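**Q** I'd like to ask some things about the structure below.
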Amino acid sequence: MRHTISVLVENKFGVLSRVSGLFSGRGFNIESLSVGETIEPAVSLMTIVTSGDDQIIEQITKQLNKLIDVIKVVDFMEIDHVEREMVLIKAAPKKADRIEVLKLTEIFRGRIVDSGTTTYTIEITGDEGKINAFIELIKPFGIKEFVRTGKVAIARERVKKAQITTEKKEHR
Amino acid sequence: MKKLGAEILVECLKREGVKHIFGYPGGVVLNIFDALYDDKDLKLILTRHEQGAVHAADGYARASGKVGVALVTSGPGATNTVTGIATASMDSIPVVVFSGQVPTMLIGNDAFQEADIVGITRPCTKYNYLVKDVNDLARIVREAFHIASTGRPGPVLIDLPKDVTAGKADFVWPQEIKIRSYRPTYEGNKWMIKQAANEIAKAKKPVIMAGGGVIISGASKELKELAELSQIPVTMTLMGLGGFPGTHELSLGMLGMHGTYYANMSVQESDLLIGIGVRFDDRVTGKMGTFAPHAKIVHIDIDPTSIRKNIRVDTPIVGDVKHVLKDLLKFLKEEKEQWDAIRKTWLKQIKTWKLGMPLKYTYVENVIKPQFVIEKLYEITKGDAIITTEVGQNQMWAAQFYKFNKPRTFLTSGGLGTMGYGFPAAIGAQLAYPDKLVIDIAGDGSIQMNIQELATAVINKLPVKVAILNNHYLGMVRQWQELFFGERYSYSHLDVVPDFVKVAEAYGAVGFRATKPSEVEPVIKEALKVKDRPVFMDFIVDWKEKVYPMVPAGAAINEMLFEEEKREEKKLKAVR
């Protein structure tokens, strides 16, 4: 099972290596990892995507909690949340296909952030499925390279039942 | 008035109650050594190797329960501490190691004697620090001692760049320690403890498995009360020996790979296993899926990661063993069971196992059996000694044949299995308790790994005794090669073993040798008379002797090999 785990850490020298060292040292895998500052500058947030059975995930969260610099660990598996990832794709379509690529970008609510004589750089934000789908669609037109940020996640605010339905509709 | 970083450090150590530091000087720590030069309250014990310094600090901590302190220089001085730190880490021992570092402006430049010791020790410390500003020094030292000694204890390293110890700052002792992300759980969940009490009342065949956590939390009294009240037999892990009296009628001795027959059988047949301050190491469980197959498992440990790491647990209790056992006893006293009556059949069964298959060896007239040496040591010291061990056969025989009745009297590298641990650890223990008898049970291989510490013991007039079970082999390796590798003794024979009597004498210590069983007792008695310097006792023992019972790696713990089973051994060889 894949889990998205967010880890609130003291923004200290060496903390990334403590966290990544824990994963490598105990044979857990990291599928993606992103780190950034939070509203409190002394604290950083890491979002880690990992996989394993229940026992492994339990160990991962416990081991993370045991690290002195870790303030809080949240496994989003148990929580209603929003996940996003961003990708920058340098697509190199033939002249005849350029319009098609632009259209697809529009459909996926992406943006062209750079344009050269032979390439477009496209920015797409969304959940993993959306990004994978977009990459697959663009591939036949030619992709030179792409970079992904790794996932970030945030818990949803609990809202009343009626509102949940409308929000879900919007989401679709 | 501003103070030098080195002076601040010395002041901090005094406030933490440190009396002894084990260390070795070098270029970048000279400011600290200078500050120690004419200090009356803090004594630095100069070891002959940095590994020895950390093991000695570790032995000091295990024997006394206080934090052990080591101080070394940068680069090789720091890297030499790694084995000692990893040893302390695996066995949850509170040690604070100070390493020198090149000046901050040179860090990362591959300067002379530079090593990234914070990076190197990250996975084997509980926490570590690089001090970048002398103004942070006092706070960091205070935090380090707190982290090392609370929760599940462990080693902490503080890396001190030269300009930090040579820099100046106001000395400000922090009144309180604030680490928002570090809050160990001491109190167990009451509901879970109540459930454990119910399980104990229901169980027909319960066993307690006590580990190092009992000793660390000082819960021997509570454990004894629990065992006696609810009439539950107690087996101990290697780290747990001494946590429950080894001579108590409810004691099953050690379990696991070289555990007693009756301990392993009891665990395998039990319907309730209560793990107290243990982590279910592979040397204890044997083949994981076959361990305690009929038992419900209650697991008490302060470290949440220990629980469900290796085995399934039915009743997990995270908390300090002493706190939890106190609560558990309260609940059990409310149960008012007729404990003697409900345990009668089970205890009778265990007695049959004990009588049927006790720990044994075959005594012979002409050759010294290593087990005989340990028995004699126990007999002559009446069990009143601090025993340290090296690693291998010597360690297992010590665990089997010496009966430990008190906590903090058996110091051994359980988790990491560090050869060369026992002798420096004995030095540390002797410094903590100058009037106690301290004996290192060693092998001829292990003792050579830190033999240079003879000088440390001689200079400090420490009457540490070393009993060398000399078989000219790396005995445990040889045993495995005999049993599982068709007697192909690949590089386990120590062709050249020094004359340990002469080695001892060369260092200014005393050496004795025994080659016949009749000489064992006189040698031990002579050794015990020496009060002002270390003694090596060189026992030339039967090189063919093996540690039994033995559970082959990867087998279930009731699949034991015994001394008599020569035929069984042949079969095993054929299989491999």
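Residue numbering restarts at 1 for every chain of the structure tokens, chains are lettered A, B, ... in their displayed order, and ligands are numbered from 1 as they appear.
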Using only C-alpha atoms and a distance of at most 7 Å, pull out the residues of chain A that contact chain B, as a CSV table (one decimal) with N, CA, C and O atoms, in the first residue's frame.

**A**
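New file part-v5.csv:
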chain,number,residue,atom,x,y,z
A,18,ARG,N,18.9,12.9,8.6
A,18,ARG,CA,18.4,12.0,9.7
A,18,ARG,C,17.2,11.2,9.2
A,18,ARG,O,17.0,10.0,9.4
A,59,GLN,N,6.0,0.8,11.5
A,59,GLN,CA,7.4,1.0,11.9
A,59,GLN,C,7.9,2.4,11.4
A,59,GLN,O,8.6,3.1,12.1
A,62,LYS,N,6.5,5.1,13.5
A,62,LYS,CA,7.0,5.1,14.9
A,62,LYS,C,8.5,5.6,14.8
A,62,LYS,O,8.9,6.3,15.7
A,63,GLN,N,9.2,5.0,13.9
A,63,GLN,CA,10.7,5.4,13.8
A,63,GLN,C,10.8,6.9,13.5
A,63,GLN,O,11.7,7.5,14.1
A,68,ILE,N,14.6,12.7,17.3
A,68,ILE,CA,14.5,13.8,18.2
A,68,ILE,C,14.0,15.1,17.5
A,68,ILE,O,13.2,15.8,18.1
A,69,ASP,N,14.3,15.3,16.3
A,69,ASP,CA,13.9,16.5,15.6
A,69,ASP,C,12.5,16.5,15.0
A,69,ASP,O,12.1,17.5,14.4
A,70,VAL,N,11.9,15.4,15.1
A,70,VAL,CA,10.5,15.3,14.5
A,70,VAL,C,9.5,15.7,15.5
A,70,VAL,O,9.4,15.2,16.6
A,71,ILE,N,8.6,16.6,15.1
A,71,ILE,CA,7.6,17.2,16.0
A,71,ILE,C,6.3,16.4,15.8
A,71,ILE,O,5.7,16.1,16.8

**Q** Looking only at strand (DSSP E or B) from DSSP on the backbone, list the matching residues of stretch 18-157 of chain A as a VMD selection string.

**A** chain A and resid 32 to 37 43 to 51 70 to 75 81 to 91 111 to 115 120 to 126 143 to 148 152 to 155

**Q** By how many Å are atom CA of B:His146 and atom CA of B:Ile8 apart?

**A**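 These atoms are spaced 17.6 Å apart.
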
**Q** Can you pull out the residues contacting A:Ile5? Cut-off 10 Å, using only C-alpha atoms, and skip same-chain residues under 4 positions away; I want them as an mmCIF file with N, CA, C and O atoms, in the first residue's frame.

**A**
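Heads up, here's the output in result_18.cif:
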data_model
loop_
_atom_site.group_PDB
_atom_site.id
_atom_site.type_symbol
_atom_site.label_atom_id
_atom_site.label_comp_id
_atom_site.auth_asym_id
_atom_site.auth_seq_id
_atom_site.Cartn_x
_atom_site.Cartn_y
_atom_site.Cartn_z
ATOM 1 N N LEU A 33 9.881 12.659 -2.140
ATOM 2 C CA LEU A 33 10.082 13.426 -0.914
ATOM 3 C C LEU A 33 10.154 14.893 -1.287
ATOM 4 O O LEU A 33 10.846 15.260 -2.237
ATOM 5 N N MET A 46 8.060 17.909 5.677
ATOM 6 C CA MET A 46 8.458 16.962 4.639
ATOM 7 C C MET A 46 7.232 16.149 4.260
ATOM 8 O O MET A 46 6.494 15.699 5.134
ATOM 9 N N THR A 47 7.035 15.968 2.967
ATOM 10 C CA THR A 47 5.982 15.065 2.527
ATOM 11 C C THR A 47 6.658 13.882 1.858
ATOM 12 O O THR A 47 7.413 14.055 0.897
ATOM 13 N N ILE A 48 6.417 12.714 2.414
ATOM 14 C CA ILE A 48 7.110 11.516 1.930
ATOM 15 C C ILE A 48 6.075 10.539 1.405
ATOM 16 O O ILE A 48 5.079 10.260 2.072
ATOM 17 N N VAL A 49 6.314 10.036 0.195
ATOM 18 C CA VAL A 49 5.465 8.962 -0.307
ATOM 19 C C VAL A 49 6.262 7.674 -0.190
ATOM 20 O O VAL A 49 7.401 7.587 -0.647
ATOM 21 N N THR A 50 5.677 6.702 0.495
ATOM 22 C CA THR A 50 6.377 5.437 0.718
ATOM 23 C C THR A 50 5.383 4.304 0.568
ATOM 24 O O THR A 50 4.180 4.544 0.432
ATOM 25 N N ILE A 57 4.543 0.244 7.569
ATOM 26 C CA ILE A 57 4.118 1.640 7.703
ATOM 27 C C ILE A 57 4.070 2.032 9.185
ATOM 28 O O ILE A 57 4.469 3.132 9.563
ATOM 29 N N ILE A 60 7.555 2.684 10.155
ATOM 30 C CA ILE A 60 8.042 3.941 9.576
ATOM 31 C C ILE A 60 7.549 5.126 10.408
ATOM 32 O O ILE A 60 8.327 5.995 10.788
ATOM 33 N N THR A 61 6.266 5.133 10.720
ATOM 34 C CA THR A 61 5.743 6.284 11.465
ATOM 35 C C THR A 61 6.315 6.320 12.893
ATOM 36 O O THR A 61 6.661 7.383 13.398
ATOM 37 N N VAL A 73 4.044 13.480 13.082
ATOM 38 C CA VAL A 73 3.969 12.638 11.889
ATOM 39 C C VAL A 73 2.493 12.387 11.583
ATOM 40 O O VAL A 73 1.730 12.028 12.478
ATOM 41 N N VAL A 74 2.099 12.621 10.334
ATOM 42 C CA VAL A 74 0.710 12.371 9.953
ATOM 43 C C VAL A 74 0.689 11.437 8.747
ATOM 44 O O VAL A 74 1.317 11.718 7.730
ATOM 45 N N ASP A 75 -0.012 10.321 8.905
ATOM 46 C CA ASP A 75 -0.200 9.416 7.771
ATOM 47 C C ASP A 75 -1.541 9.775 7.125
ATOM 48 O O ASP A 75 -2.588 9.603 7.733
ATOM 49 N N PHE A 76 -1.491 10.296 5.900
ATOM 50 C CA PHE A 76 -2.719 10.788 5.267
ATOM 51 C C PHE A 76 -3.676 9.674 4.864
ATOM 52 O O PHE A 76 -4.806 9.948 4.471
ATOM 53 N N MET A 77 -3.205 8.428 4.956
ATOM 54 C CA MET A 77 -4.089 7.309 4.641
ATOM 55 C C MET A 77 -5.348 7.364 5.496
ATOM 56 O O MET A 77 -6.426 6.996 5.062
ATOM 57 N N LYS A 151 5.096 14.776 -4.231
ATOM 58 C CA LYS A 151 3.780 15.143 -3.733
ATOM 59 C C LYS A 151 3.833 16.067 -2.516
ATOM 60 O O LYS A 151 4.722 15.943 -1.687
ATOM 61 N N VAL A 152 2.863 16.978 -2.435
ATOM 62 C CA VAL A 152 2.598 17.631 -1.153
ATOM 63 C C VAL A 152 1.139 17.364 -0.813
ATOM 64 O O VAL A 152 0.319 17.138 -1.698
ATOM 65 N N ALA A 153 0.836 17.339 0.458
ATOM 66 C CA ALA A 153 -0.528 17.011 0.866
ATOM 67 C C ALA A 153 -0.933 17.878 2.034
ATOM 68 O O ALA A 153 -0.106 18.309 2.832
#

**Q** Can you pull out every residue within 8 Å of stretch 131-138 of chain A, counting only C-alpha atoms, but drop anything in the same chain fewer than 5 positions away, and send it as a count of residues only?

**A** 10

**Q** B:Asp116: which residues within 10 Å, counting only C-alpha atoms, same-chain residues fewer than 2 positions away excluded, as an mmCIF file with C-alpha atoms, in the first residue's frame?

**A**
data_model
loop_
_atom_site.group_PDB
_atom_site.id
_atom_site.type_symbol
_atom_site.label_atom_id
_atom_site.label_comp_id
_atom_site.auth_asym_id
_atom_site.auth_seq_id
_atom_site.Cartn_x
_atom_site.Cartn_y
_atom_site.Cartn_z
ATOM 1 C CA SER B 74 38.985 14.998 15.829
ATOM 2 C CA GLY B 75 39.503 12.716 12.825
ATOM 3 C CA ALA B 78 36.570 10.511 16.651
ATOM 4 C CA THR B 79 36.296 7.599 14.204
ATOM 5 C CA GLN B 101 36.586 19.113 15.371
ATOM 6 C CA ILE B 107 35.018 22.289 8.130
ATOM 7 C CA GLY B 108 34.475 20.709 4.753
ATOM 8 C CA ASP B 110 39.425 18.084 4.184
ATOM 9 C CA GLU B 114 39.050 16.233 9.863
ATOM 10 C CA VAL B 118 28.336 13.906 13.081
ATOM 11 C CA GLY B 119 27.512 12.336 9.726
ATOM 12 C CA ILE B 120 29.332 9.105 10.559
ATOM 13 C CA THR B 121 27.607 8.614 13.926
ATOM 14 C CA LEU B 130 27.816 20.043 15.977
ATOM 15 C CA ASP B 159 31.290 17.673 18.060
#

**Q** Measure the distance from atom CA of A:Val15 to atom CA of A:Ser32 in Å and round it to one decimal.

**A**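 Taking atom CA of A:Val15 and atom CA of A:Ser32, their separation equals 16.7 Å.
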
**Q** Write down as a ChimeraX atom specification the residues of stretch 205-411 of chain B whose backbone DSSP state falls under helix (DSSP H, G or I).

**A** /B:212-216,220-230,238-240,261-269,282-285,288-290,304-306,321-335,339-356,370-381,393-401

**Q** Hey, can you check how far atom CA of B:Thr185 sits from atom CA of B:Ser220?

**A**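 Separating atom CA of B:Thr185 from atom CA of B:Ser220 is a distance of 19.8 Å.
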
**Q** Pick out the residues sitting within 9 Å of B:Leu223, and hand them over as a list in words; count only C-alpha atoms, and ignore anything fewer than 6 positions along from it in its own chain.

**A**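 Everything that qualifies: Ala210, Val214, Gly243, Phe244, Ile276, Lys322 and Leu325 of chain B.
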
**Q** Please produce an output containing N, CA and C atoms for each residue in the selection, written as an mmCIF file, in the first residue's frame.

**A**
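Once written, result_0.cif looks like this:
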data_model
loop_
_atom_site.group_PDB
_atom_site.id
_atom_site.type_symbol
_atom_site.label_atom_id
_atom_site.label_comp_id
_atom_site.auth_asym_id
_atom_site.auth_seq_id
_atom_site.Cartn_x
_atom_site.Cartn_y
_atom_site.Cartn_z
ATOM 1 N N ALA B 210 12.179 -11.169 30.785
ATOM 2 C CA ALA B 210 12.663 -9.869 31.246
ATOM 3 C C ALA B 210 13.941 -9.485 30.518
ATOM 4 N N VAL B 214 14.363 -3.760 32.291
ATOM 5 C CA VAL B 214 14.104 -3.926 33.722
ATOM 6 C C VAL B 214 15.249 -3.291 34.518
ATOM 7 N N GLY B 243 18.482 -8.829 36.404
ATOM 8 C CA GLY B 243 17.244 -8.083 36.634
ATOM 9 C C GLY B 243 16.297 -8.844 37.550
ATOM 10 N N PHE B 244 16.478 -10.172 37.554
ATOM 11 C CA PHE B 244 15.715 -11.052 38.444
ATOM 12 C C PHE B 244 16.742 -12.030 39.009
ATOM 13 N N ILE B 276 9.042 -7.934 29.076
ATOM 14 C CA ILE B 276 9.203 -6.708 29.868
ATOM 15 C C ILE B 276 10.571 -6.077 29.569
ATOM 16 N N LYS B 322 9.246 0.321 35.220
ATOM 17 C CA LYS B 322 8.961 0.472 36.655
ATOM 18 C C LYS B 322 7.557 1.043 36.880
ATOM 19 N N LEU B 325 4.933 -1.653 35.819
ATOM 20 C CA LEU B 325 4.826 -2.791 36.743
ATOM 21 C C LEU B 325 4.124 -2.384 38.043
#

**Q** Show which residues sit within 6 Å of B:Val438, as a list of chain:residue names. Count only C-alpha atoms, and ignore same-chain residues fewer than 5 positions away.

**A**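 Answer for this query is B:Ala385, B:Ile386, B:Ile387, B:Val464.
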
**Q** Suppose we keep N, CA and C atoms; can you now write the selection as a compact mmCIF listing (two decimals), in the first residue's frame?

**A**
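Done, and the output landed in result.txt:
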# COMPACT_ATOMS: atom_id res chain seq x y z
N ALA B 385 30.13 -10.05 42.62
CA ALA B 385 31.13 -9.39 41.77
C ALA B 385 30.43 -8.75 40.59
N ILE B 386 31.10 -7.79 39.99
CA ILE B 386 30.60 -7.26 38.72
C ILE B 386 31.35 -8.02 37.63
N ILE B 387 30.58 -8.69 36.79
CA ILE B 387 31.20 -9.49 35.73
C ILE B 387 31.01 -8.76 34.40
N VAL B 464 41.34 -4.77 38.48
CA VAL B 464 40.43 -5.53 37.61
C VAL B 464 41.02 -6.91 37.35

**Q** Could you check the closest approach to B:Val172 for each of B:Lys376, B:Arg139, B:Lys221, B:Lys344 and tell me which residue wins, using only C-alpha atoms?

**A**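 Of the candidates, the smallest distance to B:Val172 is held by B:Arg139.
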
**Q** With distances taken over only C-alpha atoms, which of B:Ala263, B:Leu528, B:Ile441, B:Ile468 is nearest to B:Trp353?

**A**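 Once distances to B:Trp353 are computed over only C-alpha atoms, the minimum belongs to B:Ala263.
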
**Q** In terms of the shortest atom-to-atom distance over only C-alpha atoms, which of A:Leu64, A:Val9, A:Ile122, A:Ile89 is closest to A:Thr105?

**A**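 Closest to A:Thr105 of all the choices is A:Ile122.
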